[in-house]
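This is structure-v7.pdb. It holds PDB, C-alpha atoms, pLDDT in the B column.
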ATOM      1  CA  MET A 272      87.642 133.375 111.199  1.00 33.00           C
ATOM      2  CA  ALA A 273      89.604 130.747 109.297  1.00 35.00           C
ATOM      3  CA  GLN A 274      90.110 127.420 110.976  1.00 34.00           C
ATOM      4  CA  SER A 275      93.688 126.370 111.626  1.00 34.00           C
ATOM      5  CA  LYS A 276      94.962 122.957 110.695  1.00 34.00           C
ATOM      6  CA  HIS A 277      97.588 121.494 113.007  1.00 34.00           C
ATOM      7  CA  GLY A 278      99.390 119.082 110.704  1.00 37.00           C
ATOM      8  CA  GLY A 279     102.760 120.501 111.715  1.00 35.00           C
ATOM      9  CA  ARG A 280     102.165 123.997 110.302  1.00 34.00           C
ATOM     10  CA  LYS A 281     102.892 126.943 112.516  1.00 39.00           C
ATOM     11  CA  LEU A 282      99.934 128.954 113.715  1.00 39.00           C
ATOM     12  CA  GLY A 283      99.692 132.580 112.604  1.00 39.00           C
ATOM     13  CA  GLN A 284     101.069 135.278 114.900  1.00 40.00           C
ATOM     14  CA  SER A 285      97.635 136.519 115.986  1.00 44.00           C
ATOM     15  CA  ASN A 286      96.497 132.961 116.565  1.00 66.00           C
ATOM     16  CA  LYS A 287      99.521 131.759 118.487  1.00 86.00           C
ATOM     17  CA  MET A 288      98.406 128.989 120.792  1.00 93.00           C
ATOM     18  CA  THR A 289     100.071 128.699 124.191  1.00 96.00           C
ATOM     19  CA  ALA A 290     100.482 125.712 126.477  1.00 97.00           C
ATOM     20  CA  LEU A 291     101.782 124.865 129.929  1.00 98.00           C
ATOM     21  CA  VAL A 292     103.442 121.499 130.562  1.00 98.00           C
ATOM     22  CA  VAL A 293     103.131 120.342 134.185  1.00 98.00           C
ATOM     23  CA  ASP A 294     105.190 117.233 134.981  1.00 97.00           C
ATOM     24  CA  ASP A 295     107.785 116.357 137.619  1.00 97.00           C
ATOM     25  CA  ASN A 296     109.673 114.052 135.236  1.00 96.00           C
ATOM     26  CA  MET A 297     112.274 115.928 133.198  1.00 96.00           C
ATOM     27  CA  ILE A 298     112.126 113.444 130.304  1.00 95.00           C
ATOM     28  CA  ASN A 299     108.337 113.763 130.022  1.00 95.00           C
ATOM     29  CA  ARG A 300     108.575 117.566 130.236  1.00 96.00           C
ATOM     30  CA  THR A 301     111.122 117.548 127.410  1.00 96.00           C
ATOM     31  CA  ILE A 302     109.042 115.211 125.210  1.00 96.00           C
ATOM     32  CA  HIS A 303     105.838 117.223 125.731  1.00 97.00           C
ATOM     33  CA  HIS A 304     107.707 120.506 125.167  1.00 97.00           C
ATOM     34  CA  ARG A 305     109.148 119.225 121.865  1.00 97.00           C
ATOM     35  CA  LEU A 306     105.807 117.842 120.631  1.00 97.00           C
ATOM     36  CA  LEU A 307     104.217 121.242 121.261  1.00 97.00           C
ATOM     37  CA  ASP A 308     107.158 123.044 119.610  1.00 96.00           C
ATOM     38  CA  ASN A 309     106.759 120.825 116.541  1.00 95.00           C
ATOM     39  CA  LEU A 310     103.178 122.073 116.231  1.00 94.00           C
ATOM     40  CA  GLY A 311     104.275 125.692 116.589  1.00 93.00           C
ATOM     41  CA  ILE A 312     102.688 126.024 120.024  1.00 95.00           C
ATOM     42  CA  GLU A 313     104.505 128.346 122.429  1.00 96.00           C
ATOM     43  CA  ASN A 314     104.906 126.533 125.724  1.00 97.00           C
ATOM     44  CA  GLU A 315     106.371 126.742 129.179  1.00 97.00           C
ATOM     45  CA  VAL A 316     107.199 123.929 131.576  1.00 97.00           C
ATOM     46  CA  VAL A 317     106.837 123.609 135.346  1.00 98.00           C
ATOM     47  CA  SER A 318     107.562 120.629 137.578  1.00 97.00           C
ATOM     48  CA  ASN A 319     104.554 120.411 139.920  1.00 98.00           C
ATOM     49  CA  GLY A 320     100.967 121.502 140.447  1.00 98.00           C
ATOM     50  CA  LYS A 321     101.869 124.336 142.824  1.00 98.00           C
ATOM     51  CA  GLU A 322     104.088 125.899 140.165  1.00 98.00           C
ATOM     52  CA  ALA A 323     101.193 125.585 137.682  1.00 98.00           C
ATOM     53  CA  VAL A 324      98.851 127.384 140.090  1.00 98.00           C
ATOM     54  CA  ASP A 325     101.504 130.026 140.891  1.00 98.00           C
ATOM     55  CA  ILE A 326     102.187 130.825 137.215  1.00 97.00           C
ATOM     56  CA  HIS A 327      98.446 131.447 136.725  1.00 97.00           C
ATOM     57  CA  TYR A 328      98.360 133.633 139.863  1.00 96.00           C
ATOM     58  CA  SER A 329     101.143 135.702 138.292  1.00 96.00           C
ATOM     59  CA  GLY A 330      98.733 136.551 135.459  1.00 94.00           C
ATOM     60  CA  LYS A 331      99.876 134.172 132.729  1.00 95.00           C
ATOM     61  CA  MET A 332      97.168 132.446 130.715  1.00 95.00           C
ATOM     62  CA  PHE A 333      97.419 129.390 128.479  1.00 96.00           C
ATOM     63  CA  ASP A 334      95.112 127.816 125.900  1.00 95.00           C
ATOM     64  CA  LEU A 335      96.168 124.343 126.993  1.00 97.00           C
ATOM     65  CA  VAL A 336      97.549 122.780 130.166  1.00 98.00           C
ATOM     66  CA  LEU A 337      99.075 119.280 129.972  1.00 98.00           C
ATOM     67  CA  MET A 338      98.790 118.058 133.573  1.00 98.00           C
ATOM     68  CA  ASP A 339     100.551 115.030 135.052  1.00 97.00           C
ATOM     69  CA  MET A 340      98.684 113.283 137.886  1.00 95.00           C
ATOM     70  CA  ASP A 341     101.465 112.107 140.225  1.00 94.00           C
ATOM     71  CA  MET A 342     103.731 114.967 141.305  1.00 95.00           C
ATOM     72  CA  PRO A 343     105.308 116.128 144.574  1.00 95.00           C
ATOM     73  CA  ILE A 344     104.142 119.233 146.477  1.00 96.00           C
ATOM     74  CA  MET A 345     100.767 119.442 144.673  1.00 97.00           C
ATOM     75  CA  ASN A 346      99.497 116.625 142.454  1.00 97.00           C
ATOM     76  CA  GLY A 347      97.564 117.045 139.223  1.00 97.00           C
ATOM     77  CA  ILE A 348      94.159 116.416 140.792  1.00 97.00           C
ATOM     78  CA  GLU A 349      94.658 119.126 143.439  1.00 98.00           C
ATOM     79  CA  ALA A 350      96.159 121.543 140.899  1.00 98.00           C
ATOM     80  CA  THR A 351      93.312 121.013 138.415  1.00 98.00           C
ATOM     81  CA  LYS A 352      90.701 121.625 141.136  1.00 98.00           C
ATOM     82  CA  LYS A 353      92.542 124.775 142.241  1.00 98.00           C
ATOM     83  CA  LEU A 354      92.844 126.130 138.689  1.00 98.00           C
ATOM     84  CA  ARG A 355      89.115 125.572 138.099  1.00 98.00           C
ATOM     85  CA  GLU A 356      88.300 127.265 141.436  1.00 98.00           C
ATOM     86  CA  MET A 357      90.389 130.226 140.218  1.00 97.00           C
ATOM     87  CA  GLY A 358      88.165 130.437 137.144  1.00 97.00           C
ATOM     88  CA  ILE A 359      90.812 129.165 134.715  1.00 96.00           C
ATOM     89  CA  ARG A 360      88.997 128.091 131.546  1.00 95.00           C
ATOM     90  CA  SER A 361      91.978 126.665 129.642  1.00 95.00           C
ATOM     91  CA  VAL A 362      91.655 123.175 128.203  1.00 96.00           C
ATOM     92  CA  ILE A 363      93.285 120.969 130.840  1.00 97.00           C
ATOM     93  CA  ALA A 364      94.353 117.544 129.646  1.00 97.00           C
ATOM     94  CA  GLY A 365      95.465 114.959 132.169  1.00 97.00           C
ATOM     95  CA  VAL A 366      98.462 112.972 130.999  1.00 95.00           C
ATOM     96  CA  SER A 367      99.437 110.047 133.187  1.00 93.00           C
ATOM     97  CA  SER A 368     100.757 106.514 133.166  1.00 88.00           C
ATOM     98  CA  ARG A 369      98.095 105.582 135.720  1.00 72.00           C
ATOM     99  CA  ALA A 370      95.498 103.292 134.240  1.00 69.00           C
ATOM    100  CA  MET A 371      93.318 102.543 137.276  1.00 87.00           C
ATOM    101  CA  GLU A 372      89.770 103.540 136.377  1.00 90.00           C
ATOM    102  CA  GLU A 373      88.994 105.098 139.788  1.00 92.00           C
ATOM    103  CA  GLU A 374      92.055 107.361 139.654  1.00 91.00           C
ATOM    104  CA  ILE A 375      91.325 108.461 136.102  1.00 92.00           C
ATOM    105  CA  GLN A 376      87.711 109.167 137.098  1.00 94.00           C
ATOM    106  CA  GLU A 377      88.838 111.263 140.096  1.00 95.00           C
ATOM    107  CA  PHE A 378      91.228 113.180 137.824  1.00 96.00           C
ATOM    108  CA  MET A 379      88.449 113.826 135.262  1.00 96.00           C
ATOM    109  CA  GLU A 380      86.064 114.965 137.992  1.00 97.00           C
ATOM    110  CA  ALA A 381      88.662 117.475 139.219  1.00 97.00           C
ATOM    111  CA  GLY A 382      87.937 119.448 136.033  1.00 97.00           C
ATOM    112  CA  LEU A 383      89.839 117.862 133.154  1.00 97.00           C
ATOM    113  CA  ASP A 384      88.661 118.335 129.580  1.00 95.00           C
ATOM    114  CA  ASP A 385      90.544 115.269 128.360  1.00 95.00           C
ATOM    115  CA  TYR A 386      92.729 112.419 129.598  1.00 95.00           C
ATOM    116  CA  GLN A 387      95.519 110.703 127.665  1.00 95.00           C
ATOM    117  CA  GLU A 388      97.713 107.862 128.803  1.00 93.00           C
ATOM    118  CA  LYS A 389     101.484 108.345 128.647  1.00 91.00           C
ATOM    119  CA  PRO A 390     103.466 108.345 126.518  1.00 89.00           C
ATOM    120  CA  LEU A 391     101.963 111.407 124.855  1.00 94.00           C
ATOM    121  CA  THR A 392     102.288 111.062 121.083  1.00 95.00           C
ATOM    122  CA  MET A 393     101.627 113.485 118.232  1.00 96.00           C
ATOM    123  CA  PRO A 394      98.220 111.890 117.394  1.00 96.00           C
ATOM    124  CA  LYS A 395      97.166 112.122 121.066  1.00 95.00           C
ATOM    125  CA  LEU A 396      98.298 115.752 121.252  1.00 95.00           C
ATOM    126  CA  VAL A 397      96.486 116.652 118.024  1.00 94.00           C
ATOM    127  CA  SER A 398      93.341 115.032 119.465  1.00 93.00           C
ATOM    128  CA  ILE A 399      93.606 117.299 122.531  1.00 94.00           C
ATOM    129  CA  ILE A 400      94.189 120.392 120.354  1.00 92.00           C
ATOM    130  CA  HIS A 401      91.048 119.650 118.344  1.00 89.00           C
ATOM    131  CA  LYS A 402      89.106 120.161 121.589  1.00 83.00           C
ATOM    132  CA  ILE A 403      90.442 123.745 121.677  1.00 80.00           C
ATOM    133  CA  ASN A 404      89.672 124.540 118.065  1.00 76.00           C
ATOM    134  CA  GLY A 405      86.515 122.405 118.060  1.00 67.00           C
TER     135      GLY A 405
END

What would you get if you wrote out this structure as structure tokens?
Amino acid sequence: MAQSKHGGRKLGQSNKMTALVVDDNMINRTIHHRLLDNLGIENEVVSNGKEAVDIHYSGKMFDLVLMDMDMPIMNGIEATKKLREMGIRSVIAGVSSRAMEEEIQEFMEAGLDDYQEKPLTMPKLVSIIHKING
């Protein structure tokens, strides 16, 4: 199978990557949604961890989940643990403005594949995507 490059080119129909953006901040959701769109990655957005868990319960699957840490109702740590308990094998990348080492460590231990500090930029997103296509 040919490897895809993600330098802004759209992925082929059969290879269409999908992502879920989980963030309570509308501006961050919009930025992450647009970055993914620019890479040709189909994506949906939800505003908290419970919605992320619920959308997976409904049968939807994603290649990538961009997970904020601090959200109402269910935070990113709880949501990541729950998704992993459900057997979700998507790449889950924590994206947060929190820089305290203990919090980042707790987030990673919940089942993250990667952690990036906000703001999420195109180089950071491409770095996460390389973990999927490895």

Leaving out region 384-401 of chain A and any residue of its chain fewer than 5 positions from it, which residues lie within 6 Å of it when counting only C-alpha atoms, given as a list in words? Val362, Ile363, Ala364, Gly365, Val366, Ser367 and Ser368 of chain A

Excluding Lys353 (chain A) and any residue of its chain fewer than 5 positions from it, enumerate the residues within 9 Å of it, using all atoms listed in the file, and give them as a list in words.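 Residues meeting the cut-off are Val324, Ile348, Gly358, Ile359 and Ala381 of chain A.
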
Residues matched by the PyMOL selection byres ((chain A and resi 340) around 10), written as a PyMOL selection string: chain A and resi 293-295+319-320+337-339+341-343+345-351+365-369+374-375+378

Selection: 10 Å around Ile326 (chain A), only C-alpha atoms, excl. self and same-chain fewer than 5 positions, as number ranges by chain: A: 291, 315, 317, 320-321, 331-332

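Taking only C-alpha atoms into account, Phe333 (chain A) lies nearest to A:Val292 out of the set A:Glu377, A:Ser318, A:Val292, A:Ile298.
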
Pick from A:Ala290, A:Leu383, A:Leu354, A:Val316, whichever lies nearest to Tyr328 (chain A) using all atoms listed in the file: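 That would be A:Leu354, the residue with the smallest distance to Tyr328 (chain A).
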
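Interatomic distance, CA of Met379 (chain A) to CA of Lys287 (chain A): 26.9 Å.
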
One number please: CA of Met288 (chain A) to CA of Asn309 (chain A), in Å, one decimal.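 Pair CA of Met288 (chain A) / CA of Asn309 (chain A) returns 12.4 Å.
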
For Ile403 (chain A), the nearest of the candidates A:Ile344, A:Ile302, A:Ala323, A:Leu335, counting only C-alpha atoms: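 Result for the nearest residue to Ile403 (chain A): A:Leu335.
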
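For the pair CA of Ser329 (chain A) and CA of Met357 (chain A), the separation is 12.2 Å.
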
So that I can see what lies close to Thr289 (chain A), please list as a list in words the residues with an atom at most 6 Å from it, counting only C-alpha atoms and leaving out residues fewer than 6 positions away in the same chain.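 The neighbour list is Ile312, Glu313, Asn314, Phe333 and Asp334 of chain A.
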
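Closest approach to Arg360 (chain A) among A:His327, A:Glu380, A:Glu372, A:Leu307 is made by A:His327 (distances from only C-alpha atoms).
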